[in-house]
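**Q** Quick one: structure below, then a few questions.
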Amino acid sequence: MSLIFYKYQGTGNDFVMIDNRQSTFPKNNTKLVAKLCDRKFGIGADGLILLENHDKYDFKMVYYNADGNESSMCGNGGRCLVAFAKQLDIVKDEATFEAIDGYHYATISSDNIVSLQMKDVSNVTLNEGYIFLDTGSPHHVELVENLENFDVKNIGAKIRYSDLYGKEGSNINFVKQIDSDKFAVRTYERGVEDETLSCGTGVTAVAIGMYKTQKTNSNNVKLQVEGGDLEVRFKEENGKFISVFLIGPAILVFKGTIEV
């Protein structure tokens with residue numbers, strides 16, 4: 001079987017994109033998904049995303065982690081999917097779609113800056129030394145010293161697999177404050193089981209977490225990740241975070257065909 005794919009990246013978080021509006025992709029073949037995402041024997045990516053038809057919105061997003069399993073929401077993946085939909089002439093400068101965590105709205109500029117509305121956040125759990133919240137995916141947020149030399153993979157894996165989060169685990173974000181409204185973030189992602197250059201739901205969690213703990217008074221937070229720069233904007237109403245937008249570039253890397 002010959003498979004046409006597109007490779008996209010959003011601040012270094014990279015994805016295999018497939019137009020599945022004709023429902024031809026074998027969605028239950030987790031081994032195939034994992035192979036396509038493999039950086040040595042496949043295309044190479046942090047995840048694979050199917051764009052599918054939707055009877056109400058512009059399209060549907062189906063997201064798989066690099067291990068081949070369908071996963072929770074991916075913010076950078078959602079932004080890249082909007083850029084992919086524009087490439088396919090499904091949308092122009094606005095998009096609506098359904099993901100595993102529900103409805104999303106997005107805008108895309110002429111220079112491929114995608115502003116993606118994330119889910120509202122009601123619960124932010126403040127613990128001794130860390131914060132936990134769900135921004136479409138579960139996230140542990142922790143301020144650390146010497147972030148540049150921090151052992152993200154090993155320490156992140158230890159927390160991810162600890163009794164704290166059980167079998168399902170959590171994504172783990174390590175944070176350093178740079179300015180009153182700017183933070184550096186490095187993330188260990190479950191499903192990838194390694195550090196990624198960027199995590200959209202992760203920086204969203206960091207922005208809200210830093211605001212909630214009064215590390216910043218800004219509701220327009222800048223995030224510096226290993227793969228570039230992102231921005232998160234939100235409003236707070238009665239302790240609930242609404243109108244949450246993840247903003248950053250979504251770039252086509254290449255298009256190709258692979259025999260599977």
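Within each chain, counting starts at residue 1; across the structure tokens, chains are named A, B, ... in the order shown, with ligands numbered 1 upward in that order.
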Can you tell me which residues surround A:Ser170 at a distance of at most 8 Å, considering only C-alpha atoms, apart from same-chain residues fewer than 5 positions away, and format the answer as a list in words?
**A**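 In the requested format, the answer is Ser137, Pro138, His139, His140, Arg160, Tyr165, Glu189 and Arg190 of chain A.
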**Q** May I have the residues within 6 Å of stretch 211-225 of chain A as a PyMOL selection string, using only C-alpha atoms and disregarding those fewer than 6 positions away in the same chain?
**A** chain A and resi 180-185+198+231-234
**Q** If you count only C-alpha atoms, which residues fall within 12 Å of stretch 17-28 of chain A, apart from same-chain ones fewer than 6 positions away, as a ChimeraX atom specification?
**A** /A:1-9,34,36-37,43-55,58-64,68-70,77-85,87-90,251-258,260
**Q** Tell me which protein, DNA and RNA residues are within 9 Å of A:Gly200, counting only C-alpha atoms, leaving out same-chain ones fewer than 5 positions away, and put them as an mmCIF file with N, CA and C atoms, in the first residue's frame.
**A**
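Result written to out_4.cif:
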data_model
loop_
_atom_site.group_PDB
_atom_site.id
_atom_site.type_symbol
_atom_site.label_atom_id
_atom_site.label_comp_id
_atom_site.auth_asym_id
_atom_site.auth_seq_id
_atom_site.Cartn_x
_atom_site.Cartn_y
_atom_site.Cartn_z
ATOM 1 N N GLY A 10 5.755 22.108 14.767
ATOM 2 C CA GLY A 10 5.396 23.322 15.492
ATOM 3 C C GLY A 10 6.386 23.509 16.621
ATOM 4 N N ASN A 13 8.161 20.261 17.595
ATOM 5 C CA ASN A 13 7.265 19.140 17.884
ATOM 6 C C ASN A 13 6.740 18.678 16.521
ATOM 7 N N CYS A 74 -3.254 17.026 21.778
ATOM 8 C CA CYS A 74 -1.920 17.538 21.497
ATOM 9 C C CYS A 74 -2.069 18.946 20.931
ATOM 10 N N GLY A 75 -1.589 19.952 21.668
ATOM 11 C CA GLY A 75 -1.778 21.341 21.262
ATOM 12 C C GLY A 75 -1.004 21.710 20.012
ATOM 13 N N ASN A 76 0.287 21.384 19.967
ATOM 14 C CA ASN A 76 1.067 21.685 18.767
ATOM 15 C C ASN A 76 0.568 20.879 17.579
ATOM 16 N N GLY A 77 0.136 19.650 17.830
ATOM 17 C CA GLY A 77 -0.439 18.833 16.771
ATOM 18 C C GLY A 77 -1.703 19.452 16.211
ATOM 19 N N GLY A 78 -2.533 19.977 17.100
ATOM 20 C CA GLY A 78 -3.753 20.660 16.665
ATOM 21 C C GLY A 78 -3.446 21.879 15.817
ATOM 22 N N ARG A 79 -2.415 22.628 16.216
ATOM 23 C CA ARG A 79 -2.028 23.804 15.430
ATOM 24 C C ARG A 79 -1.521 23.379 14.045
ATOM 25 N N ALA A 205 -0.281 24.488 30.261
ATOM 26 C CA ALA A 205 -0.346 24.160 31.688
ATOM 27 C C ALA A 205 0.619 25.017 32.499
ATOM 28 N N LEU A 230 6.608 30.105 22.042
ATOM 29 C CA LEU A 230 5.148 30.024 21.999
ATOM 30 C C LEU A 230 4.565 31.084 22.918
ATOM 31 N N LEU A 246 -3.403 28.929 22.518
ATOM 32 C CA LEU A 246 -2.004 28.553 22.300
ATOM 33 C C LEU A 246 -1.596 29.098 20.934
ATOM 34 N N ILE A 247 -0.520 29.894 20.901
ATOM 35 C CA ILE A 247 -0.175 30.638 19.694
ATOM 36 C C ILE A 247 1.279 30.367 19.294
#
**Q** From a DSSP calculation on the backbone, collect every residue of stretch 2-240 of chain A in strand (DSSP E) and output the set as a PyMOL selection string.
**A** chain A and resi 2-10+13-19+47-52+59-65+94-99+102-108+113-117+124-127+130-134+138-143+171-179+182-189+194-196+220-225+228-237+240
**Q** Excluding A:Asp93 and any residue of its chain fewer than 3 positions from it, enumerate the residues within 8 Å of it, using only C-alpha atoms, and give them as a list in words.
**A** Lys86, Thr107, Ile108, Ser109 and Ser110 of chain A
**Q** Could you write out that same residue set with all heavy atoms as a PDB file, in the first residue's frame?
**A**
ATOM      1  N   LYS A  86      -5.482  23.967   5.920  1.00  0.00           N
ATOM      2  CA  LYS A  86      -5.367  25.111   5.000  1.00  0.00           C
ATOM      3  C   LYS A  86      -4.648  24.689   3.721  1.00  0.00           C
ATOM      4  O   LYS A  86      -5.046  25.083   2.624  1.00  0.00           O
ATOM      5  CB  LYS A  86      -4.624  26.257   5.685  1.00  0.00           C
ATOM      6  CG  LYS A  86      -4.534  27.509   4.825  1.00  0.00           C
ATOM      7  CD  LYS A  86      -3.817  28.632   5.553  1.00  0.00           C
ATOM      8  CE  LYS A  86      -3.729  29.888   4.688  1.00  0.00           C
ATOM      9  NZ  LYS A  86      -3.028  30.994   5.387  1.00  0.00           N
ATOM     10  N   THR A 107      -7.468  30.185  14.424  1.00  0.00           N
ATOM     11  CA  THR A 107      -7.219  31.088  13.303  1.00  0.00           C
ATOM     12  C   THR A 107      -5.799  30.831  12.813  1.00  0.00           C
ATOM     13  O   THR A 107      -4.933  30.394  13.572  1.00  0.00           O
ATOM     14  CB  THR A 107      -7.359  32.562  13.712  1.00  0.00           C
ATOM     15  OG1 THR A 107      -6.399  32.872  14.739  1.00  0.00           O
ATOM     16  CG2 THR A 107      -8.762  32.856  14.227  1.00  0.00           C
ATOM     17  N   ILE A 108      -5.559  31.118  11.532  1.00  0.00           N
ATOM     18  CA  ILE A 108      -4.221  30.963  10.966  1.00  0.00           C
ATOM     19  C   ILE A 108      -3.908  32.172  10.104  1.00  0.00           C
ATOM     20  O   ILE A 108      -4.717  32.584   9.272  1.00  0.00           O
ATOM     21  CB  ILE A 108      -4.088  29.638  10.169  1.00  0.00           C
ATOM     22  CG1 ILE A 108      -2.681  29.496   9.588  1.00  0.00           C
ATOM     23  CG2 ILE A 108      -5.161  29.497   9.111  1.00  0.00           C
ATOM     24  CD1 ILE A 108      -2.363  28.111   9.046  1.00  0.00           C
ATOM     25  N   SER A 109      -2.727  32.753  10.301  1.00  0.00           N
ATOM     26  CA  SER A 109      -2.329  33.954   9.576  1.00  0.00           C
ATOM     27  C   SER A 109      -1.642  33.573   8.265  1.00  0.00           C
ATOM     28  O   SER A 109      -1.343  32.408   8.008  1.00  0.00           O
ATOM     29  CB  SER A 109      -1.375  34.785  10.443  1.00  0.00           C
ATOM     30  OG  SER A 109      -0.131  34.112  10.589  1.00  0.00           O
ATOM     31  N   SER A 110      -1.353  34.586   7.468  1.00  0.00           N
ATOM     32  CA  SER A 110      -0.705  34.350   6.173  1.00  0.00           C
ATOM     33  C   SER A 110       0.713  33.805   6.340  1.00  0.00           C
ATOM     34  O   SER A 110       1.242  33.159   5.433  1.00  0.00           O
ATOM     35  CB  SER A 110      -0.670  35.645   5.367  1.00  0.00           C
ATOM     36  OG  SER A 110       0.026  36.656   6.090  1.00  0.00           O
TER      37      SER A 110
END
**Q** Which polymer residues have any atom within 10 Å of an atom of A:Phe132, counting only C-alpha atoms, with same-chain residues fewer than 2 positions away left out, as a list in words?
**A**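 Once the nearby chain positions are removed, what remains is Asn123, Val124, Thr125, Leu126, Asn127, Tyr130, Asp134, Thr135, Pro138, His139, His140, Val141, Glu142, Ser170, Asn171, Ile172, Ala205, Val206 and Gly209 of chain A.
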**Q** Which of these residues is nearest to A:Leu147, using only C-alpha atoms: A:Thr30, A:Asn112, A:Thr96, A:Asn173?
**A** A:Asn173
**Q** I'd like the interatomic distance between atom CA of A:Lys153 and atom CA of A:Gly191, to a tenth of an Å.
**A**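 Atom-to-atom, atom CA of A:Lys153 and atom CA of A:Gly191 are spaced 12.8 Å apart.
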**Q** Which residues come within 8 Å of A:Val144, counting only C-alpha atoms, excluding same-chain residues fewer than 6 positions away, as a VMD selection string?
**A** chain A and resid 174 to 176
**Q** Hey, which of A:Glu236, A:Glu226, A:Asp163, A:Asp38 ends up closest to A:Tyr188? Count only C-alpha atoms.
**A**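 Looking only at the distances to A:Tyr188, the closest residue turns out to be A:Glu226.
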**Q** Run DSSP on the backbone and give me the residues of stretch 27-208 of chain A it puts in helix (DSSP H, G or I), as a count of residues only.
**A** 42
**Q** Looking at only C-alpha atoms, which of A:Thr196, A:Ser122, A:Lys31, A:Gly228 is the one that sits closest to A:Asp14?
**A**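 Distance minimum relative to A:Asp14 lands on A:Thr196.
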**Q** With distances taken over only C-alpha atoms, which residue among A:Val244, A:Val203, A:Val152, A:Val16 lies nearest A:Tyr105?
**A**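 Ranked by minimum distance to A:Tyr105, first place goes to A:Val244.
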**Q** With distances taken over only C-alpha atoms, which of A:Gly129, A:Val121, A:Ser71, A:Ile178 is nearest to A:Lys240?
**A**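 Going through A:Gly129, A:Val121, A:Ser71, A:Ile178 one by one, the smallest distance to A:Lys240 is for A:Val121.
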**Q** Counting only C-alpha atoms, give me one row per residue of stretch 124-235 of chain A with an atom at most 9 Å from an atom of stretch 116-119 of chain A, showing the shortest contact pair and its distance in Å to one decimal, sorted by chain then residue number, as JSON lines.
**A**
{"residue": "A:Thr135", "atom": "CA", "partner": "A:Lys119", "partner_atom": "CA", "distance": 6.3}
{"residue": "A:Gly136", "atom": "CA", "partner": "A:Lys119", "partner_atom": "CA", "distance": 6.4}
{"residue": "A:Thr201", "atom": "CA", "partner": "A:Met118", "partner_atom": "CA", "distance": 8.2}
{"residue": "A:Thr204", "atom": "CA", "partner": "A:Met118", "partner_atom": "CA", "distance": 8.4}
**Q** Would you work out the distance separating atom CA of A:Gly239 from atom CA of A:Ile208, expressed in Å to one decimal?
**A**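 A separation of 11.1 Å between them.
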